[in-house]
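J.: Here it is, the structure in full.
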Amino acid sequence: MTVYSKDLRERAIKYILDGHSYRETSKVFNVGTYALCRWKKMLDEQGDLQDKPRRKYFRKIDPKKLEDFLRERPNAYLREAAEIFGCSKAAVSKALKRMNYTKKKRA
């Protein structure tokens with residue numbers, strides 16, 4: 001999916017509001033007619049063509065909660081964390097890797 005600039009959206013919608021068809025606008029601005037329909041609907045509903053902020057979601061483990069858990073129990077095993085978060089040890093391991101968290105190395 002291509003993200004179009006707010007300026008392009010505004011110009012395309014203004015072109016439509018000036019009386020041009022969606023198909024003609026699509027050819028002039030090299031944008032799909034479905035995108036133009038969505039932008040028009042967005043303008044009608046929100047009054048603005050600004051993108052909605054993307055929502056971060058976590059499938060299994062929230063990194064903030066995992067970080068708090070590790071702060072409370074730094075010597076916990078992966079299996080203990082997996083039991084608390086209701087997932088597998090591999091999921092905890094991958095979450096730790098995404099957080100750039102490394103276990104203590106012994107010399």
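Here's how to read the names in the structure tokens: chain A, B, ... by the order shown, residue numbers from 1 in each chain, ligand numbers from 1 in the order shown.
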Tell me which protein, DNA and RNA residues are within 8 Å of range 40-45 of chain A, counting only C-alpha atoms, leaving out same-chain ones fewer than 4 positions away, and put them as an NGL selection string.
T.: :A and (13 or 36 or 49)
J.: So which residues touch Phe69 in chain A within 12 Å, counting only C-alpha atoms, skipping near sequence neighbours fewer than 2 positions away, as a PDB file with all heavy atoms, in the first residue's frame?
T.:
ATOM      1  N   ILE A  61       3.066 -10.615  23.968  1.00  0.00           N
ATOM      2  CA  ILE A  61       3.740 -10.047  25.130  1.00  0.00           C
ATOM      3  C   ILE A  61       3.962  -8.551  24.923  1.00  0.00           C
ATOM      4  O   ILE A  61       4.584  -8.131  23.954  1.00  0.00           O
ATOM      5  CB  ILE A  61       5.103 -10.732  25.354  1.00  0.00           C
ATOM      6  CG1 ILE A  61       4.903 -12.239  25.513  1.00  0.00           C
ATOM      7  CG2 ILE A  61       5.793 -10.159  26.563  1.00  0.00           C
ATOM      8  CD1 ILE A  61       6.183 -13.018  25.574  1.00  0.00           C
ATOM      9  N   ASP A  62       3.485  -7.766  25.856  1.00  0.00           N
ATOM     10  CA  ASP A  62       3.722  -6.325  25.842  1.00  0.00           C
ATOM     11  C   ASP A  62       5.145  -6.080  26.351  1.00  0.00           C
ATOM     12  O   ASP A  62       5.483  -6.491  27.471  1.00  0.00           O
ATOM     13  CB  ASP A  62       2.708  -5.629  26.745  1.00  0.00           C
ATOM     14  CG  ASP A  62       2.832  -4.128  26.724  1.00  0.00           C
ATOM     15  OD1 ASP A  62       3.706  -3.610  26.002  1.00  0.00           O
ATOM     16  OD2 ASP A  62       2.050  -3.463  27.434  1.00  0.00           O
ATOM     17  N   PRO A  63       6.015  -5.439  25.564  1.00  0.00           N
ATOM     18  CA  PRO A  63       7.406  -5.239  25.986  1.00  0.00           C
ATOM     19  C   PRO A  63       7.530  -4.465  27.300  1.00  0.00           C
ATOM     20  O   PRO A  63       8.424  -4.738  28.098  1.00  0.00           O
ATOM     21  CB  PRO A  63       8.027  -4.443  24.836  1.00  0.00           C
ATOM     22  CG  PRO A  63       7.148  -4.654  23.687  1.00  0.00           C
ATOM     23  CD  PRO A  63       5.787  -4.932  24.212  1.00  0.00           C
ATOM     24  N   LYS A  64       6.633  -3.530  27.527  1.00  0.00           N
ATOM     25  CA  LYS A  64       6.678  -2.743  28.763  1.00  0.00           C
ATOM     26  C   LYS A  64       6.430  -3.649  29.981  1.00  0.00           C
ATOM     27  O   LYS A  64       7.125  -3.560  30.988  1.00  0.00           O
ATOM     28  CB  LYS A  64       5.635  -1.632  28.683  1.00  0.00           C
ATOM     29  CG  LYS A  64       5.646  -0.690  29.841  1.00  0.00           C
ATOM     30  CD  LYS A  64       6.839   0.211  29.776  1.00  0.00           C
ATOM     31  CE  LYS A  64       6.698   1.278  30.852  1.00  0.00           C
ATOM     32  NZ  LYS A  64       7.953   1.920  31.106  1.00  0.00           N
ATOM     33  N   LYS A  65       5.431  -4.526  29.875  1.00  0.00           N
ATOM     34  CA  LYS A  65       5.131  -5.447  30.979  1.00  0.00           C
ATOM     35  C   LYS A  65       6.261  -6.443  31.187  1.00  0.00           C
ATOM     36  O   LYS A  65       6.601  -6.792  32.329  1.00  0.00           O
ATOM     37  CB  LYS A  65       3.824  -6.179  30.706  1.00  0.00           C
ATOM     38  CG  LYS A  65       2.606  -5.290  30.787  1.00  0.00           C
ATOM     39  CD  LYS A  65       1.352  -6.067  30.511  1.00  0.00           C
ATOM     40  CE  LYS A  65       0.137  -5.155  30.529  1.00  0.00           C
ATOM     41  NZ  LYS A  65      -1.087  -5.886  30.178  1.00  0.00           N
ATOM     42  N   LEU A  66       6.866  -6.903  30.087  1.00  0.00           N
ATOM     43  CA  LEU A  66       7.985  -7.835  30.200  1.00  0.00           C
ATOM     44  C   LEU A  66       9.178  -7.160  30.861  1.00  0.00           C
ATOM     45  O   LEU A  66       9.854  -7.751  31.704  1.00  0.00           O
ATOM     46  CB  LEU A  66       8.365  -8.381  28.824  1.00  0.00           C
ATOM     47  CG  LEU A  66       9.496  -9.404  28.780  1.00  0.00           C
ATOM     48  CD1 LEU A  66       9.158 -10.624  29.631  1.00  0.00           C
ATOM     49  CD2 LEU A  66       9.779  -9.816  27.353  1.00  0.00           C
ATOM     50  N   GLU A  67       9.422  -5.914  30.506  1.00  0.00           N
ATOM     51  CA  GLU A  67      10.524  -5.165  31.111  1.00  0.00           C
ATOM     52  C   GLU A  67      10.298  -4.983  32.610  1.00  0.00           C
ATOM     53  O   GLU A  67      11.221  -5.146  33.409  1.00  0.00           O
ATOM     54  CB  GLU A  67      10.649  -3.809  30.424  1.00  0.00           C
ATOM     55  CG  GLU A  67      11.866  -3.024  30.816  1.00  0.00           C
ATOM     56  CD  GLU A  67      11.965  -1.724  30.036  1.00  0.00           C
ATOM     57  OE1 GLU A  67      11.444  -1.651  28.919  1.00  0.00           O
ATOM     58  OE2 GLU A  67      12.556  -0.783  30.582  1.00  0.00           O
ATOM     59  N   ARG A  71      12.558  -6.476  35.698  1.00  0.00           N
ATOM     60  CA  ARG A  71      13.095  -5.591  36.717  1.00  0.00           C
ATOM     61  C   ARG A  71      12.785  -6.153  38.119  1.00  0.00           C
ATOM     62  O   ARG A  71      13.616  -6.082  39.017  1.00  0.00           O
ATOM     63  CB  ARG A  71      12.502  -4.178  36.581  1.00  0.00           C
ATOM     64  CG  ARG A  71      13.441  -3.123  37.079  1.00  0.00           C
ATOM     65  CD  ARG A  71      12.949  -1.710  36.803  1.00  0.00           C
ATOM     66  NE  ARG A  71      13.064  -1.374  35.387  1.00  0.00           N
ATOM     67  CZ  ARG A  71      12.058  -1.012  34.614  1.00  0.00           C
ATOM     68  NH1 ARG A  71      10.851  -0.899  35.095  1.00  0.00           N
ATOM     69  NH2 ARG A  71      12.245  -0.730  33.350  1.00  0.00           N
ATOM     70  N   GLU A  72      11.587  -6.711  38.265  1.00  0.00           N
ATOM     71  CA  GLU A  72      11.188  -7.296  39.542  1.00  0.00           C
ATOM     72  C   GLU A  72      11.906  -8.617  39.804  1.00  0.00           C
ATOM     73  O   GLU A  72      12.294  -8.900  40.938  1.00  0.00           O
ATOM     74  CB  GLU A  72       9.684  -7.558  39.556  1.00  0.00           C
ATOM     75  CG  GLU A  72       8.833  -6.323  39.555  1.00  0.00           C
ATOM     76  CD  GLU A  72       7.368  -6.646  39.367  1.00  0.00           C
ATOM     77  OE1 GLU A  72       6.991  -7.842  39.417  1.00  0.00           O
ATOM     78  OE2 GLU A  72       6.598  -5.701  39.159  1.00  0.00           O
ATOM     79  N   ARG A  73      12.042  -9.434  38.775  1.00  0.00           N
ATOM     80  CA  ARG A  73      12.642 -10.755  38.909  1.00  0.00           C
ATOM     81  C   ARG A  73      13.723 -10.949  37.852  1.00  0.00           C
ATOM     82  O   ARG A  73      13.493 -11.593  36.838  1.00  0.00           O
ATOM     83  CB  ARG A  73      11.562 -11.816  38.756  1.00  0.00           C
ATOM     84  CG  ARG A  73      10.456 -11.673  39.796  1.00  0.00           C
ATOM     85  CD  ARG A  73       9.383 -12.669  39.592  1.00  0.00           C
ATOM     86  NE  ARG A  73       9.901 -14.029  39.758  1.00  0.00           N
ATOM     87  CZ  ARG A  73       9.194 -15.117  39.514  1.00  0.00           C
ATOM     88  NH1 ARG A  73       7.972 -15.025  39.087  1.00  0.00           N
ATOM     89  NH2 ARG A  73       9.718 -16.303  39.697  1.00  0.00           N
ATOM     90  N   PRO A  74      14.916 -10.391  38.075  1.00  0.00           N
ATOM     91  CA  PRO A  74      15.964 -10.471  37.040  1.00  0.00           C
ATOM     92  C   PRO A  74      16.493 -11.884  36.797  1.00  0.00           C
ATOM     93  O   PRO A  74      17.029 -12.166  35.731  1.00  0.00           O
ATOM     94  CB  PRO A  74      17.057  -9.554  37.572  1.00  0.00           C
ATOM     95  CG  PRO A  74      16.809  -9.447  39.028  1.00  0.00           C
ATOM     96  CD  PRO A  74      15.350  -9.642  39.234  1.00  0.00           C
ATOM     97  N   ASN A  75      16.343 -12.795  37.762  1.00  0.00           N
ATOM     98  CA  ASN A  75      16.873 -14.146  37.594  1.00  0.00           C
ATOM     99  C   ASN A  75      15.808 -15.148  37.179  1.00  0.00           C
ATOM    100  O   ASN A  75      16.007 -16.351  37.295  1.00  0.00           O
ATOM    101  CB  ASN A  75      17.531 -14.613  38.907  1.00  0.00           C
ATOM    102  CG  ASN A  75      18.754 -13.783  39.227  1.00  0.00           C
ATOM    103  OD1 ASN A  75      19.441 -13.315  38.326  1.00  0.00           O
ATOM    104  ND2 ASN A  75      19.020 -13.579  40.503  1.00  0.00           N
ATOM    105  N   ALA A  76      14.687 -14.693  36.706  1.00  0.00           N
ATOM    106  CA  ALA A  76      13.594 -15.588  36.325  1.00  0.00           C
ATOM    107  C   ALA A  76      13.955 -16.382  35.071  1.00  0.00           C
ATOM    108  O   ALA A  76      14.640 -15.886  34.175  1.00  0.00           O
ATOM    109  CB  ALA A  76      12.328 -14.782  36.076  1.00  0.00           C
ATOM    110  N   TYR A  77      13.471 -17.601  35.028  1.00  0.00           N
ATOM    111  CA  TYR A  77      13.664 -18.435  33.852  1.00  0.00           C
ATOM    112  C   TYR A  77      12.639 -18.075  32.780  1.00  0.00           C
ATOM    113  O   TYR A  77      11.603 -17.476  33.061  1.00  0.00           O
ATOM    114  CB  TYR A  77      13.492 -19.918  34.220  1.00  0.00           C
ATOM    115  CG  TYR A  77      14.597 -20.464  35.092  1.00  0.00           C
ATOM    116  CD1 TYR A  77      14.379 -20.684  36.442  1.00  0.00           C
ATOM    117  CD2 TYR A  77      15.841 -20.761  34.558  1.00  0.00           C
ATOM    118  CE1 TYR A  77      15.391 -21.187  37.246  1.00  0.00           C
ATOM    119  CE2 TYR A  77      16.856 -21.273  35.347  1.00  0.00           C
ATOM    120  CZ  TYR A  77      16.627 -21.478  36.690  1.00  0.00           C
ATOM    121  OH  TYR A  77      17.622 -21.968  37.482  1.00  0.00           O
ATOM    122  N   LEU A  78      12.957 -18.473  31.555  1.00  0.00           N
ATOM    123  CA  LEU A  78      12.020 -18.226  30.457  1.00  0.00           C
ATOM    124  C   LEU A  78      10.692 -18.931  30.710  1.00  0.00           C
ATOM    125  O   LEU A  78       9.632 -18.394  30.415  1.00  0.00           O
ATOM    126  CB  LEU A  78      12.613 -18.704  29.128  1.00  0.00           C
ATOM    127  CG  LEU A  78      13.749 -17.882  28.533  1.00  0.00           C
ATOM    128  CD1 LEU A  78      14.237 -18.548  27.246  1.00  0.00           C
ATOM    129  CD2 LEU A  78      13.316 -16.480  28.259  1.00  0.00           C
ATOM    130  N   GLU A  80       9.221 -19.477  33.517  1.00  0.00           N
ATOM    131  CA  GLU A  80       8.430 -18.739  34.498  1.00  0.00           C
ATOM    132  C   GLU A  80       7.728 -17.555  33.837  1.00  0.00           C
ATOM    133  O   GLU A  80       6.548 -17.293  34.094  1.00  0.00           O
ATOM    134  CB  GLU A  80       9.321 -18.254  35.643  1.00  0.00           C
ATOM    135  CG  GLU A  80       9.915 -19.374  36.472  1.00  0.00           C
ATOM    136  CD  GLU A  80      10.958 -18.878  37.457  1.00  0.00           C
ATOM    137  OE1 GLU A  80      11.265 -17.671  37.464  1.00  0.00           O
ATOM    138  OE2 GLU A  80      11.460 -19.712  38.226  1.00  0.00           O
ATOM    139  N   ALA A  81       8.476 -16.851  33.005  1.00  0.00           N
ATOM    140  CA  ALA A  81       7.877 -15.714  32.287  1.00  0.00           C
ATOM    141  C   ALA A  81       6.779 -16.202  31.346  1.00  0.00           C
ATOM    142  O   ALA A  81       5.731 -15.566  31.217  1.00  0.00           O
ATOM    143  CB  ALA A  81       8.949 -14.954  31.514  1.00  0.00           C
ATOM    144  N   ALA A  82       7.012 -17.344  30.701  1.00  0.00           N
ATOM    145  CA  ALA A  82       6.019 -17.893  29.772  1.00  0.00           C
ATOM    146  C   ALA A  82       4.732 -18.264  30.506  1.00  0.00           C
ATOM    147  O   ALA A  82       3.633 -18.038  29.991  1.00  0.00           O
ATOM    148  CB  ALA A  82       6.590 -19.113  29.054  1.00  0.00           C
ATOM    149  N   ILE A  84       3.591 -16.860  33.273  1.00  0.00           N
ATOM    150  CA  ILE A  84       2.926 -15.622  33.697  1.00  0.00           C
ATOM    151  C   ILE A  84       2.242 -14.933  32.518  1.00  0.00           C
ATOM    152  O   ILE A  84       1.117 -14.442  32.631  1.00  0.00           O
ATOM    153  CB  ILE A  84       3.938 -14.678  34.384  1.00  0.00           C
ATOM    154  CG1 ILE A  84       4.296 -15.272  35.751  1.00  0.00           C
ATOM    155  CG2 ILE A  84       3.384 -13.277  34.525  1.00  0.00           C
ATOM    156  CD1 ILE A  84       5.342 -14.538  36.509  1.00  0.00           C
ATOM    157  N   PHE A  85       2.891 -14.903  31.367  1.00  0.00           N
ATOM    158  CA  PHE A  85       2.325 -14.225  30.194  1.00  0.00           C
ATOM    159  C   PHE A  85       1.417 -15.125  29.367  1.00  0.00           C
ATOM    160  O   PHE A  85       0.818 -14.678  28.395  1.00  0.00           O
ATOM    161  CB  PHE A  85       3.441 -13.639  29.320  1.00  0.00           C
ATOM    162  CG  PHE A  85       4.130 -12.468  29.947  1.00  0.00           C
ATOM    163  CD1 PHE A  85       5.373 -12.586  30.516  1.00  0.00           C
ATOM    164  CD2 PHE A  85       3.505 -11.229  29.983  1.00  0.00           C
ATOM    165  CE1 PHE A  85       5.998 -11.503  31.100  1.00  0.00           C
ATOM    166  CE2 PHE A  85       4.113 -10.140  30.562  1.00  0.00           C
ATOM    167  CZ  PHE A  85       5.370 -10.278  31.129  1.00  0.00           C
ATOM    168  N   VAL A  92       8.693 -15.770  24.561  1.00  0.00           N
ATOM    169  CA  VAL A  92       9.400 -14.890  25.498  1.00  0.00           C
ATOM    170  C   VAL A  92      10.802 -14.613  24.984  1.00  0.00           C
ATOM    171  O   VAL A  92      11.287 -13.481  25.020  1.00  0.00           O
ATOM    172  CB  VAL A  92       9.440 -15.517  26.908  1.00  0.00           C
ATOM    173  CG1 VAL A  92      10.283 -14.672  27.851  1.00  0.00           C
ATOM    174  CG2 VAL A  92       8.041 -15.682  27.457  1.00  0.00           C
ATOM    175  N   LEU A  96      12.354 -10.951  24.050  1.00  0.00           N
ATOM    176  CA  LEU A  96      13.590 -10.439  24.644  1.00  0.00           C
ATOM    177  C   LEU A  96      14.593 -10.039  23.569  1.00  0.00           C
ATOM    178  O   LEU A  96      15.294  -9.035  23.694  1.00  0.00           O
ATOM    179  CB  LEU A  96      14.201 -11.485  25.581  1.00  0.00           C
ATOM    180  CG  LEU A  96      13.423 -11.781  26.854  1.00  0.00           C
ATOM    181  CD1 LEU A  96      14.045 -12.953  27.595  1.00  0.00           C
ATOM    182  CD2 LEU A  96      13.363 -10.554  27.744  1.00  0.00           C
TER     183      LEU A  96
END
J.: Residues of chain A in alpha helix (DSSP H) according to DSSP, as a ChimeraX atom specification?
T.: /A:6-17,22-29,33-46,63-72,78-85,89-98
J.: Would you mind telling me which residue in A:Thr102, A:Gly86, A:Lys56, A:Gln50 lies nearest to Glu10 in chain A when using only C-alpha atoms?
T.: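 Ranked by minimum distance to Glu10 in chain A, first place goes to A:Gln50.
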J.: To one decimal in Å, tell me the separation between CA of Ser5 in chain A and CA of Leu17 in chain A.
T.: 18.6 Å
J.: In Å, with one decimal, what is the gap from CA of Tyr22 in chain A to CA of Cys37 in chain A?
T.: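 CA of Tyr22 in chain A sits 8.0 Å away from CA of Cys37 in chain A.
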J.: Please report the interatomic distance between CA of Arg98 in chain A and CA of Glu83 in chain A in Å with one decimal.
T.: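 CA of Glu83 in chain A lies 19.6 Å from CA of Arg98 in chain A.
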